[in-house]
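Visitor: One file: upload-v6.cif (mmCIF, C-alpha atoms).
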data_input
#
loop_
_atom_site.group_PDB
_atom_site.id
_atom_site.type_symbol
_atom_site.label_atom_id
_atom_site.label_comp_id
_atom_site.auth_asym_id
_atom_site.auth_seq_id
_atom_site.Cartn_x
_atom_site.Cartn_y
_atom_site.Cartn_z
ATOM 1 C CA MET A 1 198.510 189.579 231.561
ATOM 2 C CA SER A 2 195.618 190.573 229.295
ATOM 3 C CA GLN A 3 193.218 189.275 231.959
ATOM 4 C CA LEU A 4 194.646 191.688 234.539
ATOM 5 C CA VAL A 5 194.437 194.586 232.084
ATOM 6 C CA HIS A 6 190.786 193.763 231.370
ATOM 7 C CA MET A 7 190.023 193.576 235.092
ATOM 8 C CA ARG A 8 191.736 196.923 235.746
ATOM 9 C CA GLN A 9 189.587 198.512 233.046
ATOM 10 C CA ARG A 10 186.449 197.060 234.619
ATOM 11 C CA LEU A 11 187.485 198.311 238.051
ATOM 12 C CA LYS A 12 187.994 201.829 236.674
ATOM 13 C CA ALA A 13 184.613 201.719 234.919
ATOM 14 C CA ILE A 14 182.814 200.606 238.080
ATOM 15 C CA GLU A 15 184.629 203.264 240.105
ATOM 16 C CA THR A 16 183.443 205.915 237.629
ATOM 17 C CA ILE A 17 179.849 204.653 237.828
ATOM 18 C CA LYS A 18 180.069 204.674 241.606
ATOM 19 C CA LYS A 19 181.132 208.336 241.590
ATOM 20 C CA ILE A 20 178.161 209.209 239.358
ATOM 21 C CA THR A 21 175.585 207.334 241.470
ATOM 22 C CA SER A 22 177.058 208.768 244.661
ATOM 23 C CA ALA A 23 176.814 212.313 243.265
ATOM 24 C CA MET A 24 173.231 211.743 242.125
ATOM 25 C CA ARG A 25 172.384 210.356 245.565
ATOM 26 C CA LEU A 26 173.674 213.524 247.244
ATOM 27 C CA ILE A 27 171.845 215.787 244.790
ATOM 28 C CA SER A 28 168.560 213.931 245.251
ATOM 29 C CA ARG A 29 168.871 214.051 249.021
ATOM 30 C CA SER A 30 169.624 217.766 248.924
ATOM 31 C CA LEU A 31 166.638 218.513 246.658
ATOM 32 C CA HIS A 32 164.334 216.353 248.780
ATOM 33 C CA THR A 33 165.394 218.170 251.956
ATOM 34 C CA ARG A 34 164.816 221.520 250.272
ATOM 35 C CA LEU A 35 161.346 220.502 249.060
ATOM 36 C CA ASN A 36 160.401 218.931 252.372
ATOM 37 C CA LYS A 37 161.053 222.222 254.203
ATOM 38 C CA GLN A 38 158.509 223.941 251.948
ATOM 39 C CA LYS A 39 155.902 221.196 252.288
ATOM 40 C CA ALA A 40 154.483 221.937 255.751
ATOM 41 C CA PRO A 41 153.651 225.666 255.300
ATOM 42 C CA PHE A 42 152.134 225.091 251.854
ATOM 43 C CA LYS A 43 150.071 222.143 253.125
ATOM 44 C CA THR A 44 148.665 224.376 255.878
ATOM 45 C CA TYR A 45 147.863 227.095 253.327
ATOM 46 C CA GLN A 46 146.176 224.608 250.992
ATOM 47 C CA GLN A 47 144.082 223.114 253.793
ATOM 48 C CA THR A 48 142.989 226.577 254.979
ATOM 49 C CA ILE A 49 141.874 227.591 251.471
ATOM 50 C CA SER A 50 140.053 224.291 250.966
ATOM 51 C CA ASN A 51 138.189 224.455 254.285
ATOM 52 C CA LEU A 52 137.186 228.099 253.827
ATOM 53 C CA PHE A 53 135.969 227.520 250.279
ATOM 54 C CA GLU A 54 133.873 224.510 251.313
ATOM 55 C CA LYS A 55 132.250 226.436 254.169
ATOM 56 C CA LEU A 56 131.396 229.515 252.084
ATOM 57 C CA GLN A 57 130.220 227.443 249.149
ATOM 58 C CA GLN A 58 127.585 225.855 251.365
ATOM 59 C CA LEU A 59 126.152 229.291 252.131
ATOM 60 C CA GLN A 60 125.563 230.016 248.433
ATOM 61 C CA PRO A 61 123.951 226.885 246.912
ATOM 62 C CA HIS A 62 122.868 228.851 243.831
ATOM 63 C CA TRP A 63 126.495 229.602 242.906
ATOM 64 C CA GLN A 64 127.238 227.184 240.061
ATOM 65 C CA PRO A 65 129.233 228.829 237.243
ATOM 66 C CA GLU A 66 129.793 226.659 234.196
ATOM 67 C CA LEU A 67 133.587 226.708 234.521
ATOM 68 C CA PHE A 68 133.500 225.054 237.948
ATOM 69 C CA PHE A 69 130.316 223.003 237.439
ATOM 70 C CA PRO A 70 130.327 222.029 233.751
ATOM 71 C CA ARG A 71 127.155 220.398 232.410
ATOM 72 C CA SER A 72 127.767 216.908 231.076
ATOM 73 C CA ASP A 73 124.580 217.015 228.978
ATOM 74 C CA LYS A 74 126.101 219.726 226.760
ATOM 75 C CA TYR A 75 129.567 218.271 226.212
ATOM 76 C CA THR A 76 131.336 215.083 227.271
ATOM 77 C CA LYS A 77 135.016 215.900 226.799
ATOM 78 C CA LYS A 78 137.334 214.936 229.668
ATOM 79 C CA LEU A 79 140.860 216.093 230.462
ATOM 80 C CA TYR A 80 143.459 213.927 232.183
ATOM 81 C CA ILE A 81 146.551 215.642 233.605
ATOM 82 C CA ILE A 82 149.075 212.856 234.229
ATOM 83 C CA THR A 83 152.273 213.492 236.174
ATOM 84 C CA GLY A 84 155.244 211.132 236.235
ATOM 85 C CA ALA A 85 159.004 211.265 236.566
ATOM 86 C CA GLN A 86 160.993 213.967 234.810
ATOM 87 C CA LYS A 87 164.083 211.760 234.548
ATOM 88 C CA GLY A 88 164.958 208.102 234.931
ATOM 89 C CA LEU A 89 167.099 206.300 237.506
ATOM 90 C CA CYS A 90 164.412 206.520 240.175
ATOM 91 C CA GLY A 91 163.689 202.859 240.807
ATOM 92 C CA SER A 92 160.045 201.797 240.933
ATOM 93 C CA TYR A 93 158.675 205.347 241.144
ATOM 94 C CA ASN A 94 156.623 204.935 237.951
ATOM 95 C CA ALA A 95 155.580 201.330 238.618
ATOM 96 C CA GLU A 96 151.990 202.077 239.710
ATOM 97 C CA LEU A 97 151.553 204.603 236.909
ATOM 98 C CA LEU A 98 152.716 202.023 234.337
ATOM 99 C CA TYR A 99 150.304 199.486 235.794
ATOM 100 C CA TRP A 100 147.483 202.031 235.519
ATOM 101 C CA PHE A 101 148.422 202.731 231.880
ATOM 102 C CA ALA A 102 148.321 199.009 231.111
ATOM 103 C CA LYS A 103 144.854 198.748 232.668
ATOM 104 C CA GLU A 104 143.348 201.973 231.279
ATOM 105 C CA HIS A 105 145.096 202.460 227.919
ATOM 106 C CA GLU A 106 141.966 201.588 225.922
ATOM 107 C CA THR A 107 139.966 204.207 227.814
ATOM 108 C CA LEU A 108 142.719 206.807 227.411
ATOM 109 C CA SER A 109 142.738 206.223 223.638
ATOM 110 C CA GLN A 110 139.143 207.405 223.246
ATOM 111 C CA LYS A 111 138.473 210.597 221.311
ATOM 112 C CA THR A 112 136.443 212.050 224.186
ATOM 113 C CA ILE A 113 139.569 212.222 226.368
ATOM 114 C CA ASP A 114 142.407 214.748 226.120
ATOM 115 C CA ILE A 115 145.677 214.113 227.945
ATOM 116 C CA ILE A 116 148.348 216.489 229.196
ATOM 117 C CA ALA A 117 151.527 214.590 230.074
ATOM 118 C CA ILE A 118 153.863 216.155 232.628
ATOM 119 C CA GLY A 119 157.368 214.714 232.856
ATOM 120 C CA LYS A 120 159.401 213.125 230.072
ATOM 121 C CA ARG A 121 158.901 209.601 231.390
ATOM 122 C CA THR A 122 155.108 210.023 231.261
ATOM 123 C CA ALA A 123 155.187 210.917 227.563
ATOM 124 C CA ASP A 124 157.503 207.964 226.857
ATOM 125 C CA ASP A 125 155.216 205.549 228.723
ATOM 126 C CA LEU A 126 152.132 206.789 226.848
ATOM 127 C CA ALA A 127 153.962 206.294 223.545
ATOM 128 C CA ARG A 128 154.248 202.576 224.338
ATOM 129 C CA TYR A 129 150.482 202.325 223.943
ATOM 130 C CA ASN A 130 150.373 204.654 220.895
ATOM 131 C CA ILE A 131 148.627 207.339 222.938
ATOM 132 C CA LYS A 132 149.425 210.835 221.747
ATOM 133 C CA PRO A 133 148.932 213.494 224.459
ATOM 134 C CA LEU A 134 147.413 216.851 223.635
ATOM 135 C CA GLN A 135 150.432 218.513 225.292
ATOM 136 C CA CYS A 136 153.736 217.324 226.759
ATOM 137 C CA LEU A 137 155.204 219.470 229.533
ATOM 138 C CA GLU A 138 158.578 217.871 230.162
ATOM 139 C CA GLU A 139 160.337 220.529 232.251
ATOM 140 C CA LEU A 140 159.052 219.621 235.707
ATOM 141 C CA LYS A 141 161.580 221.203 238.080
ATOM 142 C CA ILE A 142 161.473 223.035 241.390
ATOM 143 C CA SER A 143 161.763 226.361 239.611
ATOM 144 C CA SER A 144 159.011 225.572 237.079
ATOM 145 C CA VAL A 145 156.231 224.208 239.323
ATOM 146 C CA GLU A 146 154.519 227.585 239.677
ATOM 147 C CA GLN A 147 154.766 228.336 235.953
ATOM 148 C CA LEU A 148 153.400 224.910 234.996
ATOM 149 C CA THR A 149 150.512 225.341 237.425
ATOM 150 C CA GLN A 150 149.588 228.679 235.862
ATOM 151 C CA GLU A 151 149.821 227.230 232.340
ATOM 152 C CA LEU A 152 147.563 224.307 233.226
ATOM 153 C CA LEU A 153 144.941 226.493 234.889
ATOM 154 C CA THR A 154 144.972 228.962 231.989
ATOM 155 C CA PHE A 155 144.456 226.092 229.553
ATOM 156 C CA ILE A 156 141.536 224.700 231.584
ATOM 157 C CA LYS A 157 139.848 228.089 231.976
ATOM 158 C CA THR A 158 140.191 229.076 228.298
ATOM 159 C CA ALA A 159 139.105 225.715 226.860
ATOM 160 C CA LYS A 160 135.979 226.119 224.711
ATOM 161 C CA PRO A 161 133.707 224.394 225.449
ATOM 162 C CA HIS A 162 134.732 223.678 229.014
ATOM 163 C CA TYR A 163 135.786 220.169 229.940
ATOM 164 C CA THR A 164 133.053 218.268 231.765
ATOM 165 C CA GLN A 165 135.662 216.611 233.952
ATOM 166 C CA VAL A 166 139.295 217.358 234.776
ATOM 167 C CA ILE A 167 141.214 214.600 236.536
ATOM 168 C CA LEU A 168 144.688 214.863 238.067
ATOM 169 C CA ILE A 169 146.766 211.683 238.258
ATOM 170 C CA GLY A 170 150.247 211.440 239.737
ATOM 171 C CA THR A 171 152.597 209.401 241.871
ATOM 172 C CA VAL A 172 152.970 210.984 245.303
ATOM 173 C CA PRO A 173 154.918 209.886 248.404
ATOM 174 C CA GLU A 174 153.087 208.049 251.151
ATOM 175 C CA SER A 175 156.356 207.944 253.089
ATOM 176 C CA PHE A 176 160.008 208.417 252.197
ATOM 177 C CA PHE A 177 160.228 204.803 250.995
ATOM 178 C CA VAL A 178 156.728 204.267 249.562
ATOM 179 C CA ASN A 179 154.936 206.041 246.684
ATOM 180 C CA ARG A 180 151.319 205.613 245.643
ATOM 181 C CA LEU A 181 149.165 206.623 242.696
ATOM 182 C CA GLN A 182 146.807 209.502 243.496
ATOM 183 C CA LYS A 183 143.726 210.369 241.456
ATOM 184 C CA ILE A 184 141.962 213.700 242.100
ATOM 185 C CA THR A 185 138.860 215.045 240.361
ATOM 186 C CA LEU A 186 139.641 218.737 239.949
ATOM 187 C CA LEU A 187 136.456 219.644 238.069
ATOM 188 C CA PRO A 188 133.558 219.649 238.569
ATOM 189 C CA LEU A 189 133.912 220.922 242.105
ATOM 190 C CA SER A 190 132.344 218.779 244.781
ATOM 191 C CA LYS A 191 129.542 220.184 246.877
ATOM 192 C CA ASN A 192 129.763 220.177 250.646
ATOM 193 C CA ASN A 193 126.597 219.118 252.467
ATOM 194 C CA THR A 194 127.616 220.284 255.937
ATOM 195 C CA GLU A 195 125.466 222.924 257.578
ATOM 196 C CA ASN A 196 126.837 226.364 258.425
ATOM 197 C CA ASN A 197 125.263 229.327 260.135
ATOM 198 C CA PRO A 198 124.859 232.146 257.549
ATOM 199 C CA ASP A 199 124.796 234.764 260.292
ATOM 200 C CA SER A 200 128.351 233.907 261.358
ATOM 201 C CA TYR A 201 129.807 235.400 258.153
ATOM 202 C CA LEU A 202 129.930 239.047 257.141
ATOM 203 C CA TRP A 203 130.216 239.518 253.368
ATOM 204 C CA GLN A 204 132.114 242.721 252.612
ATOM 205 C CA ASN A 205 132.047 241.941 248.871
ATOM 206 C CA GLU A 206 129.623 240.183 246.569
ATOM 207 C CA PRO A 207 129.422 236.492 247.628
ATOM 208 C CA ASP A 208 129.742 235.304 244.023
ATOM 209 C CA LYS A 209 132.965 237.250 243.531
ATOM 210 C CA VAL A 210 134.422 235.967 246.795
ATOM 211 C CA LEU A 211 133.549 232.372 245.892
ATOM 212 C CA GLU A 212 135.006 232.737 242.401
ATOM 213 C CA MET A 213 138.276 234.069 243.821
ATOM 214 C CA LEU A 214 138.445 231.243 246.369
ATOM 215 C CA ALA A 215 137.606 228.678 243.674
ATOM 216 C CA HIS A 216 140.575 229.850 241.567
ATOM 217 C CA MET A 217 142.808 229.676 244.649
ATOM 218 C CA TYR A 218 141.497 226.186 245.421
ATOM 219 C CA LEU A 219 142.275 224.969 241.885
ATOM 220 C CA TYR A 220 145.724 226.546 241.994
ATOM 221 C CA THR A 221 146.704 224.991 245.325
ATOM 222 C CA THR A 222 145.374 221.556 244.285
ATOM 223 C CA VAL A 223 147.332 221.450 241.007
ATOM 224 C CA TYR A 224 150.436 222.964 242.604
ATOM 225 C CA ASN A 225 150.319 220.415 245.416
ATOM 226 C CA LEU A 226 150.152 217.457 243.012
ATOM 227 C CA LEU A 227 153.168 218.696 241.029
ATOM 228 C CA PHE A 228 155.040 219.479 244.232
ATOM 229 C CA GLU A 229 154.330 216.051 245.738
ATOM 230 C CA ALA A 230 155.343 214.356 242.470
ATOM 231 C CA LEU A 231 158.724 216.097 242.579
ATOM 232 C CA LEU A 232 159.158 215.199 246.236
ATOM 233 C CA GLY A 233 158.406 211.530 245.606
ATOM 234 C CA GLU A 234 160.675 211.393 242.568
ATOM 235 C CA GLN A 235 163.663 212.753 244.511
ATOM 236 C CA ALA A 236 163.094 210.300 247.368
ATOM 237 C CA ALA A 237 162.814 207.381 244.915
ATOM 238 C CA ARG A 238 165.964 208.479 243.086
ATOM 239 C CA PHE A 239 167.902 208.755 246.349
ATOM 240 C CA ILE A 240 166.900 205.207 247.311
ATOM 241 C CA ALA A 241 167.779 203.857 243.844
ATOM 242 C CA MET A 242 171.146 205.642 243.704
ATOM 243 C CA ASP A 243 171.975 204.655 247.280
ATOM 244 C CA GLY A 244 171.351 201.022 246.397
ATOM 245 C CA ALA A 245 173.427 201.353 243.221
ATOM 246 C CA THR A 246 176.327 202.897 245.170
ATOM 247 C CA ARG A 247 176.224 200.123 247.766
ATOM 248 C CA ASN A 248 176.186 197.477 245.036
ATOM 249 C CA ALA A 249 179.124 199.162 243.299
ATOM 250 C CA ASN A 250 181.100 199.067 246.561
ATOM 251 C CA LYS A 251 180.379 195.354 247.006
ATOM 252 C CA PHE A 252 181.266 194.630 243.385
ATOM 253 C CA LEU A 253 184.516 196.615 243.691
ATOM 254 C CA ASP A 254 185.521 194.710 246.835
ATOM 255 C CA THR A 255 184.814 191.359 245.174
ATOM 256 C CA MET A 256 186.619 192.258 241.952
ATOM 257 C CA GLN A 257 189.576 193.798 243.796
ATOM 258 C CA LEU A 258 189.996 190.604 245.815
ATOM 259 C CA GLN A 259 189.804 188.513 242.656
ATOM 260 C CA TYR A 260 192.259 190.825 240.908
ATOM 261 C CA ASN A 261 194.729 190.553 243.791
ATOM 262 C CA LYS A 262 194.481 186.753 243.805
ATOM 263 C CA ILE A 263 195.127 186.484 240.059
ATOM 264 C CA ARG A 264 197.964 189.011 240.242
ATOM 265 C CA GLN A 265 199.557 187.216 243.186
ATOM 266 C CA ALA A 266 199.233 183.884 241.380
ATOM 267 C CA LYS A 267 200.991 185.287 238.333
ATOM 268 C CA ILE A 268 203.783 186.786 240.446
ATOM 269 C CA THR A 269 204.239 183.474 242.273
ATOM 270 C CA LYS A 270 204.356 181.625 238.951
ATOM 271 C CA GLU A 271 206.990 183.988 237.547
ATOM 272 C CA LEU A 272 209.121 183.724 240.683
ATOM 273 C CA THR A 273 208.846 179.940 240.520
ATOM 274 C CA GLU A 274 209.963 179.930 236.882
ATOM 275 C CA LEU A 275 212.896 182.276 237.683
ATOM 276 C CA ALA A 276 213.992 180.094 240.576
ATOM 277 C CA ALA A 277 213.808 177.006 238.376
ATOM 278 C CA ASN A 278 215.954 178.693 235.736
ATOM 279 C CA PHE A 279 218.615 179.668 238.327
ATOM 280 C CA GLN A 280 218.756 176.107 239.641
ATOM 281 C CA SER A 281 219.139 174.719 236.170
#
Show how you would write the structure in this file as structure tokens.
Guide:
Amino acid sequence: MSQLVHMRQRLKAIETIKKITSAMRLISRSLHTRLNKQKAPFKTYQQTISNLFEKLQQLQPHWQPELFFPRSDKYTKKLYIITGAQKGLCGSYNAELLYWFAKEHETLSQKTIDIIAIGKRTADDLARYNIKPLQCLEELKISSVEQLTQELLTFIKTAKPHYTQVILIGTVPESFFVNRLQKITLLPLSKNNTENNPDSYLWQNEPDKVLEMLAHMYLYTTVYNLLFEALLGEQAARFIAMDGATRNANKFLDTMQLQYNKIRQAKITKELTELAANFQS
């Protein structure tokens, strides 16, 4: 009888876990759908800003402020902004990032490199290699993406002396089922070598001021997009992981329920056999 009691307890525990994974699956799917609706218009906006900035930058080759084109001969400090998962239970979402940590942890430990870790899992993974980030921004949520972007840009702009290189690293979705590690050099800005006709543009304000404004917008949209894509990929990975866990729980429940019924039926048959034997005797 104790065996049946133990099996009933296990069935209840698995049923509870199944309810949790099923709820998390629905939440992840809902958040992914919500984020995906915002992706297309923002991607168009980002691409428009990027293309316009590259075209106008070509018209003003002398425009090279130190913030956007830091001189490596004066200072050699680099900044890595690394984005990972905010929470766990998202399958292999952090796999490529962990592999990159294992390969680059000696480089990341150098004193000439500062690290800002975004997402709780990123800070935990860095701690495995005794790497202490300069900052840990753990609250990566839909509602905090804009605030985090502003904080990061403010930190970069106010850093004295300016970082000679700012690199963004994060796991972004290649498709709903596949994520890949993306590495973007935010600063220094790259120079576009395409030729444009200066006469096709009418400058109503000072060119340097226009370029500076567009440069800030370009930095903002690039950082925002990386954080946004990281959230999108995390929700897709969590949905897949929780969907698999729910399916496995269903299979396990079916198998255990069948086993439970067999054992219970065997015990009932045994008791009936013993009762019948007692009546005959």
Visitor: Quick one: of A:Glu104, A:Glu174, A:Glu139, A:Glu146, who's nearest to Gly233 of chain A, counting only C-alpha atoms?
Guide: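 Residue with the minimum atom-to-atom distance to Gly233 of chain A: A:Glu174.
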Visitor: Using only C-alpha atoms, what does the table of segment 34-107 of chain A residues within 8 Å of segment 179-187 of chain A look like, with each row giving the shortest atom pair and its distance in Å to one decimal, sorted by chain and ascending number, as CSV?
Guide:
residue,atom,partner,partner_atom,distance
A:Phe68,CA,A:Leu187,CA,6.2
A:Phe69,CA,A:Leu187,CA,7.0
A:Pro70,CA,A:Leu187,CA,7.9
A:Tyr93,CA,A:Asn179,CA,6.7
A:Glu96,CA,A:Leu181,CA,6.1
A:Leu97,CA,A:Leu181,CA,6.6
Visitor: Step by step, gather every atom of segment 206-211 of chain A that the file lists, find the box along x, y and z that holds them, add 5 Å on each side, and finally give centre and edge lengths in Å to one decimal, as AutoDock Vina command-line options.
Guide:
--center_x 131.9 --center_y 236.3 --center_z 245.6 --size_x 15.0 --size_y 17.8 --size_z 14.1
Visitor: What lies within 9 Å of Cys90 of chain A using all atoms listed in the file, ignoring chain neighbours under 2 positions off, as a ChimeraX atom specification?
Guide: /A:85,87-88,92-94,234-242
Visitor: For each of A:Ser190, A:Thr16, A:Thr221, A:Gln9, take the minimum atom-to-atom distance to Tyr260 of chain A, counting only C-alpha atoms, then give the residue where this is smallest.
Guide: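 Comparing A:Ser190, A:Thr16, A:Thr221, A:Gln9 against Tyr260 of chain A, the winner is A:Gln9.
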Visitor: I'd like the neighbourhood of Ala117 of chain A as a PyMOL selection string, where a residue qualifies if any of its atoms comes within 7 Å (using all atoms listed in the file), though same-chain residues fewer than 6 positions away should be ignored.
Guide: chain A and resi 81-83+123+133+135-137
Visitor: What separation in Å, quoted to one decimal, exists between atom CA of Thr112 of chain A and atom CA of Val166 of chain A?
Guide: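 One can read the atom CA of Thr112 of chain A to atom CA of Val166 of chain A distance as 12.2 Å.
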Visitor: Between atom CA of Lys141 of chain A and atom CA of Thr164 of chain A, what is the spacing in Å?
Guide: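 Answer for the atom CA of Thr164 of chain A to atom CA of Lys141 of chain A separation: 29.4 Å.
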Visitor: Written as a PyMOL selection string, which residues does the PyMOL selection byres ((chain A and resi 42) around 12) give for the file shown?
Guide: chain A and resi 35-41+43-49+220-222+224-226+228-229
Visitor: Please measure the separation of atom CA of Leu56 of chain A and atom CA of Val223 of chain A, giving the value in Å to one decimal.
Guide: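 Separation between atom CA of Leu56 of chain A and atom CA of Val223 of chain A: 21.0 Å.
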Visitor: Nearest to Trp100 of chain A among A:Thr246, A:Thr273, A:Gln64, A:Thr171, with distances taken over all atoms listed in the file: which residue is it?
Guide: A:Thr171
Visitor: On this structure, which residues satisfy the PyMOL selection byres ((chain A and resi 216) around 12), written as a count of residues only?
Guide: 28
Visitor: Let me make sure I understand: among A:Leu140, A:Ala249, A:Met256, A:Thr76, which one has the smallest atom-to-atom distance to Lys19 of chain A if we use all atoms listed in the file?
Guide: A:Ala249
Visitor: If the PyMOL selection byres ((chain A and resi 113) around 8) were run on this exact file, what residues would it hold? Put them as a count of residues only.
Guide: 11
Visitor: Counting all atoms listed in the file, which residue out of A:Asn205, A:Thr21, A:Gln257, A:Gln57 sits closest to Leu89 of chain A?
Guide: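 Selected residue with least distance to Leu89 of chain A: A:Thr21.
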